[in-house]
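A.B. asks: final_6.cif is reproduced below (mmCIF, C-alpha atoms).
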```cif
data_protein
loop_
_atom_site.group_PDB
_atom_site.id
_atom_site.type_symbol
_atom_site.label_atom_id
_atom_site.label_comp_id
_atom_site.auth_asym_id
_atom_site.auth_seq_id
_atom_site.Cartn_x
_atom_site.Cartn_y
_atom_site.Cartn_z
ATOM 1 C CA MET A 1 52.953 67.377 183.207
ATOM 2 C CA ALA A 2 51.139 69.891 185.334
ATOM 3 C CA LEU A 3 47.585 70.780 184.453
ATOM 4 C CA GLY A 4 48.064 74.429 185.187
ATOM 5 C CA ASN A 5 46.278 76.619 187.642
ATOM 6 C CA LEU A 6 42.675 77.006 186.481
ATOM 7 C CA ARG A 7 42.394 80.225 188.468
ATOM 8 C CA ARG A 8 44.592 81.891 185.862
ATOM 9 C CA TYR A 9 42.600 83.283 182.964
ATOM 10 C CA ASP A 10 45.173 82.421 180.306
ATOM 11 C CA VAL A 11 45.111 78.751 181.382
ATOM 12 C CA GLN A 12 41.306 78.822 181.296
ATOM 13 C CA ALA A 13 41.498 80.227 177.766
ATOM 14 C CA LYS A 14 43.727 77.358 176.630
ATOM 15 C CA TYR A 15 41.483 74.682 178.121
ATOM 16 C CA ALA A 16 38.319 76.347 176.878
ATOM 17 C CA PHE A 17 39.694 76.525 173.348
ATOM 18 C CA VAL A 18 40.711 72.858 173.316
ATOM 19 C CA LEU A 19 37.396 71.717 174.798
ATOM 20 C CA ALA A 20 35.380 73.733 172.300
ATOM 21 C CA MET A 21 37.372 72.347 169.370
ATOM 22 C CA VAL A 22 37.080 68.762 170.648
ATOM 23 C CA SER A 23 33.293 69.103 170.924
ATOM 24 C CA ILE A 24 32.972 69.699 167.176
ATOM 25 C CA VAL A 25 33.892 66.130 166.177
ATOM 26 C CA PRO A 26 31.062 64.214 167.922
ATOM 27 C CA ALA A 27 28.568 66.936 166.967
ATOM 28 C CA PHE A 28 29.334 66.467 163.286
ATOM 29 C CA ALA A 29 29.244 62.685 163.773
ATOM 30 C CA ALA A 30 25.702 62.980 165.140
ATOM 31 C CA LEU A 31 24.765 65.353 162.323
ATOM 32 C CA TRP A 32 26.123 62.898 159.745
ATOM 33 C CA MET A 33 24.313 59.954 161.381
ATOM 34 C CA GLY A 34 21.007 61.813 161.368
ATOM 35 C CA TRP A 35 21.489 62.974 157.777
ATOM 36 C CA ARG A 36 22.271 59.420 156.586
ATOM 37 C CA ARG A 37 19.085 58.047 158.180
ATOM 38 C CA PHE A 38 16.845 60.890 157.013
ATOM 39 C CA ASP A 39 14.272 59.844 154.391
ATOM 40 C CA ALA A 40 13.228 62.884 152.353
ATOM 41 C CA ASP A 41 10.102 61.195 150.965
ATOM 42 C CA LEU A 42 8.712 60.515 154.423
ATOM 43 C CA GLY A 43 10.343 63.499 156.106
ATOM 44 C CA ARG A 44 11.486 61.207 158.912
ATOM 45 C CA ILE A 45 14.626 59.761 160.468
ATOM 46 C CA ILE A 46 14.261 56.013 160.139
ATOM 47 C CA TYR A 47 16.149 53.492 162.233
ATOM 48 C CA GLY A 48 15.630 49.790 162.881
ATOM 49 C CA SER A 49 14.431 48.134 166.032
ATOM 50 C CA GLN A 50 17.464 45.801 166.109
ATOM 51 C CA GLY A 51 20.215 48.396 165.760
ATOM 52 C CA GLN A 52 21.847 50.744 168.213
ATOM 53 C CA PHE A 53 21.336 53.911 166.173
ATOM 54 C CA ALA A 54 19.412 55.840 168.824
ATOM 55 C CA LEU A 55 21.957 54.997 171.505
ATOM 56 C CA ALA A 56 24.900 55.958 169.270
ATOM 57 C CA PHE A 57 23.192 59.181 168.160
ATOM 58 C CA VAL A 58 22.359 60.341 171.670
ATOM 59 C CA GLY A 59 25.815 59.227 172.838
ATOM 60 C CA CYS A 60 27.472 61.427 170.211
ATOM 61 C CA VAL A 61 25.312 64.365 171.264
ATOM 62 C CA VAL A 62 26.145 63.882 174.951
ATOM 63 C CA LEU A 63 29.863 63.446 174.161
ATOM 64 C CA SER A 64 29.684 66.723 172.292
ATOM 65 C CA MET A 65 27.616 68.703 174.783
ATOM 66 C CA ALA A 66 29.856 68.133 177.798
ATOM 67 C CA PRO A 67 33.084 69.650 176.416
ATOM 68 C CA ALA A 68 31.105 72.314 174.519
ATOM 69 C CA ALA A 69 29.424 73.450 177.734
ATOM 70 C CA LEU A 70 32.735 73.493 179.619
ATOM 71 C CA GLY A 71 34.448 75.385 176.798
ATOM 72 C CA PHE A 72 31.558 77.843 176.613
ATOM 73 C CA VAL A 73 31.565 78.571 180.353
ATOM 74 C CA MET A 74 35.346 78.755 180.678
ATOM 75 C CA GLY A 75 35.555 80.983 177.602
ATOM 76 C CA TRP A 76 32.873 83.255 179.016
ATOM 77 C CA SER A 77 34.649 83.355 182.358
ATOM 78 C CA SER A 78 38.053 84.285 180.964
ATOM 79 C CA ALA A 79 37.128 86.519 178.018
ATOM 80 C CA GLY A 80 37.867 90.189 178.502
ATOM 81 C CA GLN A 81 39.896 89.754 181.681
ATOM 82 C CA ARG A 82 42.880 92.078 182.028
ATOM 83 C CA ARG A 83 45.303 89.336 182.993
ATOM 84 C CA ASN A 84 44.312 87.119 180.072
ATOM 85 C CA ASP A 85 46.826 87.535 177.276
ATOM 86 C CA GLN A 86 44.933 84.930 175.215
ATOM 87 C CA SER A 87 41.587 86.649 175.084
ATOM 88 C CA ARG A 88 41.103 85.666 171.437
ATOM 89 C CA ARG A 89 41.062 81.971 172.412
ATOM 90 C CA SER A 90 38.504 82.729 175.102
ATOM 91 C CA TRP A 91 36.185 84.398 172.632
ATOM 92 C CA ILE A 92 36.605 81.618 170.068
ATOM 93 C CA ALA A 93 35.820 79.024 172.752
ATOM 94 C CA PHE A 94 32.797 81.026 173.864
ATOM 95 C CA PHE A 95 31.292 81.276 170.374
ATOM 96 C CA VAL A 96 32.247 77.791 169.177
ATOM 97 C CA GLY A 97 31.014 76.197 172.415
ATOM 98 C CA GLY A 98 27.736 78.110 172.204
ATOM 99 C CA SER A 99 27.283 77.193 168.541
ATOM 100 C CA VAL A 100 27.960 73.508 169.182
ATOM 101 C CA LEU A 101 25.537 73.516 172.117
ATOM 102 C CA THR A 102 22.883 75.096 169.913
ATOM 103 C CA LEU A 103 23.529 72.567 167.146
ATOM 104 C CA ASN A 104 23.195 69.704 169.629
ATOM 105 C CA VAL A 105 19.888 71.002 170.968
ATOM 106 C CA VAL A 106 18.572 71.343 167.404
ATOM 107 C CA LEU A 107 19.758 67.805 166.598
ATOM 108 C CA LEU A 108 18.028 66.358 169.653
ATOM 109 C CA ILE A 109 14.780 68.181 168.927
ATOM 110 C CA ALA A 110 14.880 67.098 165.274
ATOM 111 C CA PHE A 111 15.600 63.505 166.248
ATOM 112 C CA PHE A 112 12.756 63.268 168.743
ATOM 113 C CA MET A 113 10.293 65.015 166.414
ATOM 114 C CA LEU A 114 11.232 63.190 163.202
ATOM 115 C CA ARG A 115 12.092 59.685 164.391
ATOM 116 C CA LEU A 116 10.228 56.739 162.939
ATOM 117 C CA LYS A 117 11.005 53.341 164.369
ATOM 118 C CA PRO A 118 9.767 50.573 162.059
ATOM 119 C CA GLN A 119 7.600 47.912 163.688
ATOM 120 C CA GLY A 120 8.964 44.381 163.694
#
```
Translate this structure into structure tokens?
C.D. replies:
Amino acid sequence: MALGNLRRYDVQAKYAFVLAMVSIVPAFAALWMGWRRFDADLGRIIYGSQGQFALAFVGCVVLSMAPAALGFVMGWSSAGQRRNDQSRRSWIAFFVGGSVLTLNVVLLIAFFMLRLKPQG
């Protein structure tokens, strides 16, 4: 199966849409992981020193940011082009990719500001 010519704007729109949609899954996984570990009484995200929570959390964020950034840029590049008959997909990829990138930045900032690693 051919990948398609990425110089064509309609092919860029297809890839951007798929990449933006794929980036949602790990972003919500990271959001769920952070929510599960959040202690409302302390106002902190608590994780143990033995576990791999921090690595899994940051891994989910990175796995989400890469396709979101590609979808965002490719959607921005192909949106509004005359030869793009799938402009709607470009715009969806642009806004979804940008929203997922914003969510990931907020998650990382919240994690690094609210983390509490128990001693021992």
A.B. asks: How far is it from CA of Ala56 in chain A to CA of Trp35 in chain A, in Å with one decimal?
C.D. replies: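 Going from CA of Ala56 in chain A over to CA of Trp35 in chain A, I get 13.9 Å.
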A.B. asks: Quick one: 5 Å padding each side, axis-aligned, all listed atoms of range 71-86 of chain A - centre and edge lengths in Å to one decimal, as JSON?
C.D. replies:
```
{"center_x": 39.2, "center_y": 83.7, "center_z": 179.1, "size_x": 25.3, "size_y": 26.7, "size_z": 17.8}
```
A.B. asks: Leaving out Met113 in chain A and any residue of its chain fewer than 4 positions from it, which residues lie within 12 Å of it when counting only C-alpha atoms, given as a ChimeraX atom specification?
C.D. replies: /A:43-46,106-109,117
A.B. asks: Could you state the separation of CA of Asn84 in chain A and CA of Gln12 in chain A in Å, given to one decimal place?
C.D. replies: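 Calculated distance between CA of Asn84 in chain A and CA of Gln12 in chain A is 8.9 Å.
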A.B. asks: Ser99 in chain A: which residues within 12 Å, counting all atoms listed in the file, same-chain residues fewer than 2 positions away excluded, as a list in words?
C.D. replies: Ala20, Met21, Ser23, Ile24, Ala27, Ser64, Met65, Ala68, Ala69, Gly71, Phe72, Ile92, Ala93, Phe94, Phe95, Val96, Gly97, Leu101, Thr102, Leu103, Asn104, Val105 and Val106 of chain A
A.B. asks: Taking the file as I've supplied it (selection: the PyMOL selection byres ((chain A and resi 16) around 6)), which residues are included? Please answer as a VMD selection string.
C.D. replies: chain A and resid 12 to 15 17 to 19 71 74 to 75 93
A.B. asks: For Tyr47 in chain A, work out the shell of residues within 12 Å, counting all atoms listed in the file and skipping chain neighbours fewer than 3 positions away, then give it as a list of chain:residue names.
C.D. replies: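 Here the qualifying residues turn out to be A:Met33, A:Gly34, A:Trp35, A:Arg36, A:Arg37, A:Phe38, A:Asp39, A:Arg44, A:Gln50, A:Gly51, A:Gln52, A:Phe53, A:Ala54, A:Leu55, A:Ala56, A:Phe57, A:Phe111, A:Leu114, A:Arg115, A:Leu116, A:Lys117, A:Pro118, A:Gln119, A:Gly120.
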A.B. asks: What separation in Å, quoted to one decimal, exists between CA of Val25 in chain A and CA of Gly98 in chain A?
C.D. replies: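 Spanning CA of Val25 in chain A to CA of Gly98 in chain A is a straight-line distance of 14.8 Å.
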A.B. asks: Evaluate the PyMOL selection byres ((chain A and resi 7) around 12) against this structure - the residues, as number ranges by chain, please.
C.D. replies: A: 3-6, 8-13, 15, 74, 77-78, 81, 83-84
A.B. asks: Would you please work out which residue, of A:Val22, A:Ala79, A:Ala40, A:Phe28, is nearest to Cys60 in chain A when using all atoms listed in the file?
C.D. replies: A:Phe28
A.B. asks: Which residue gives the smallest distance to Val73 in chain A among A:Leu31, A:Val61, A:Gln86, A:Trp91, with all atoms listed in the file counted?
C.D. replies: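 Of the candidates, the smallest distance to Val73 in chain A is held by A:Trp91.
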